[in-house]
Structure formats: structure tokens, C-alpha cells
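Here the structure comes first, spelled out in C-alpha cells, and everything after it is commentary.
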Amino acid sequence: MPPRIIENPRALAEFVGREIGVSEWLQISQERIASFAEATEDRQWIHLDAERARTESPFGAPIAHGFLTLSLVSYFVHDVIKIAGGVRLAVNYGLNRVRFPAPVKVNSRIRASVALQALKEMSDSVEAVYSVTVSCEGSGKPSCVAECIVRYY
């Protein structure tokens, strides 16, 4: 689904309390997981050792780092929303209420539903609080739920 084009940050107001859209699917490969492990120095076997994960982990396969899934939240928001104008800079201001209810197994596909929880006028920016739910194909539970705060300057 193509991104929803929003005229400017203030035009987001019509979406407060509503879903804006759902991203495209993104496959989580072992290569992506390994690259994340290297970048973060988190080389735990449950992410990198396929044989051990198959035999010893409760998931039966390597899984993505929760923080890898979380790091893709900004990507998913941008996949769902494009702000056409009135922004010279967008800043990730932080996160609220992050949870990882279910794992993302290697080679799974994930996507996110993005809703706008709140929009606030600041003296120098507009602050948007997005509710993002990352789903893994074939799973009954979300893989990540988080509130993502973005300031548009």
C-alpha cells in the first residue's frame, strides 16, 4: 500500500485516535539479524546459532533481537506516512510503553499498523505520538508494541 501523503504536520490532526495505515511486509533475514548483532555487540546464541536455537530455544529457530524489531518502528512509520511539506527536520524524541509480546523468527515477515495517539503544538515544533503495532506473519500476538514520539520542526 502506498504511503498516505499528509500536507504538513498540523494536518495530522484529523488522524488523532485513528489508524493511519499499515506498512508493507519486511522480511527479517539471518543476515539482518547478524548485522544487528555486530552493530550492537549482542551476539547471544539465540540470535546467531541456528542449530543451537533449533534444539535448545523455546522458539525452535533463531529470533531477531527485540531491539532490532523496535529499531524498525521509524522505518514503518515512514512507510505509512509521507509529510509533503512544512518540515525541515523530523526528530525521534523517544518511546513509551515498549513491549515484545512474541518473537520474530528468522526469515519471518513483519509489518506495522500505525495510529496517531496524540498531536501537540509546541513553541517550535509539532509533536506526534504514534501507536505502532508490529505484527509477524502467522503469529497470533504482536511482536512489538510501542508509542513512538516524533517532533516535526
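Starting from 1 in every chain, residues are counted up; chains themselves are A, B, ... following the order of the C-alpha cells, and ligands are numbered from 1 as listed.
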Taking the backbone alone, and naming residues the way the document does, which bits of segment 63-98 of chain A are strand (DSSP E) by DSSP, as a list in words? Ile81, Lys82, Ile83, Ala90, Val91, Asn92, Tyr93, Gly94, Leu95, Asn96, Arg97 and Val98 of chain A
Skip segment 13-19 of chain A itself and residues of its chain fewer than 5 positions away, then list as a PyMOL selection string all residues within 6 Å of it, counting only C-alpha atoms.
-> chain A and resi 114-118
Nearest to Val132 of chain A: which of A:Leu48, A:Ala64, A:Ala84, A:Ile20 is it, counting only C-alpha atoms?
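Using only C-alpha atoms, the shortest distance to Val132 of chain A belongs to A:Ile20.
Closest approach to Ala34 of chain A among A:Ala146, A:Ile6, A:Val106, A:Val87: A:Val106, based on only C-alpha atoms.
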Counting only C-alpha atoms, which residues of segment 17-95 of chain A sit at most 9 Å from some atom of segment 123-131 of chain A, and what is each one's closest atom pair with its distance in Å to one decimal, listed by chain and rising residue number, as CSV?
residue,atom,partner,partner_atom,distance
A:Glu19,CA,A:Ser131,CA,8.6
A:Val77,CA,A:Tyr130,CA,8.2
A:Tyr93,CA,A:Glu127,CA,8.6
A:Leu95,CA,A:Val129,CA,8.8
- Please provide the set of residues having any atom within 7 Å of Pro9 of chain A, restricted to only C-alpha atoms, with same-chain residues fewer than 2 positions apart removed, written as number ranges by chain. A: 11-12, 83, 86, 126, 152
Could you turn the residues from that selection into a file that holds N, CA and C atoms, as a tab-separated table (two decimals), in the first residue's frame?
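To be explicit, this is the file written out as again39.tsv:
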chain	number	residue	atom	x	y	z
A	11	ALA	N	-1.65	18.90	9.70
A	11	ALA	CA	-2.74	18.17	9.04
A	11	ALA	C	-2.90	16.76	9.61
A	12	LEU	N	-1.95	16.32	10.40
A	12	LEU	CA	-2.10	15.03	11.08
A	12	LEU	C	-3.28	15.03	12.06
A	83	ILE	N	5.04	13.16	4.83
A	83	ILE	CA	4.60	14.54	5.04
A	83	ILE	C	5.19	15.38	3.92
A	86	GLY	N	6.34	21.59	5.02
A	86	GLY	CA	6.27	22.18	6.34
A	86	GLY	C	7.17	21.52	7.36
A	126	VAL	N	5.85	20.48	16.12
A	126	VAL	CA	4.63	19.71	16.35
A	126	VAL	C	5.07	18.33	16.79
A	152	TYR	N	8.29	17.27	14.74
A	152	TYR	CA	8.47	17.84	13.41
A	152	TYR	C	8.78	19.32	13.57
_If we count only C-alpha atoms and set the cut-off at 7 Å, which residues sit around Ala112 of chain A, ignoring sequence neighbours fewer than 3 positions away in its own chain? Please answer as a list in words._
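Surrounding residues, per the criterion: Val22, Ser23, Phe76, Val132, Thr133, Val134 and Ser135 of chain A.
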Got time to write the residues from that selection, N, CA and C atoms, as a PDB file, in the first residue's frame?
ATOM      1  N   VAL A  22      -1.205   0.746   7.343  1.00  0.00           N
ATOM      2  CA  VAL A  22      -0.417  -0.458   7.606  1.00  0.00           C
ATOM      3  C   VAL A  22       0.717  -0.504   6.587  1.00  0.00           C
ATOM      4  N   SER A  23       1.908  -0.805   7.067  1.00  0.00           N
ATOM      5  CA  SER A  23       3.089  -0.831   6.198  1.00  0.00           C
ATOM      6  C   SER A  23       3.089  -2.050   5.292  1.00  0.00           C
ATOM      7  N   PHE A  76       8.882   1.829   9.622  1.00  0.00           N
ATOM      8  CA  PHE A  76       7.472   1.537   9.361  1.00  0.00           C
ATOM      9  C   PHE A  76       6.617   2.805   9.353  1.00  0.00           C
ATOM     10  N   VAL A 132       2.373   2.160  17.506  1.00  0.00           N
ATOM     11  CA  VAL A 132       2.847   1.264  16.455  1.00  0.00           C
ATOM     12  C   VAL A 132       2.762  -0.177  16.953  1.00  0.00           C
ATOM     13  N   THR A 133       2.110  -1.014  16.171  1.00  0.00           N
ATOM     14  CA  THR A 133       1.994  -2.433  16.489  1.00  0.00           C
ATOM     15  C   THR A 133       2.632  -3.222  15.364  1.00  0.00           C
ATOM     16  N   VAL A 134       3.723  -3.906  15.685  1.00  0.00           N
ATOM     17  CA  VAL A 134       4.438  -4.711  14.703  1.00  0.00           C
ATOM     18  C   VAL A 134       3.917  -6.141  14.784  1.00  0.00           C
ATOM     19  N   SER A 135       3.430  -6.643  13.659  1.00  0.00           N
ATOM     20  CA  SER A 135       2.899  -7.998  13.576  1.00  0.00           C
ATOM     21  C   SER A 135       3.824  -8.873  12.765  1.00  0.00           C
TER      22      SER A 135
END
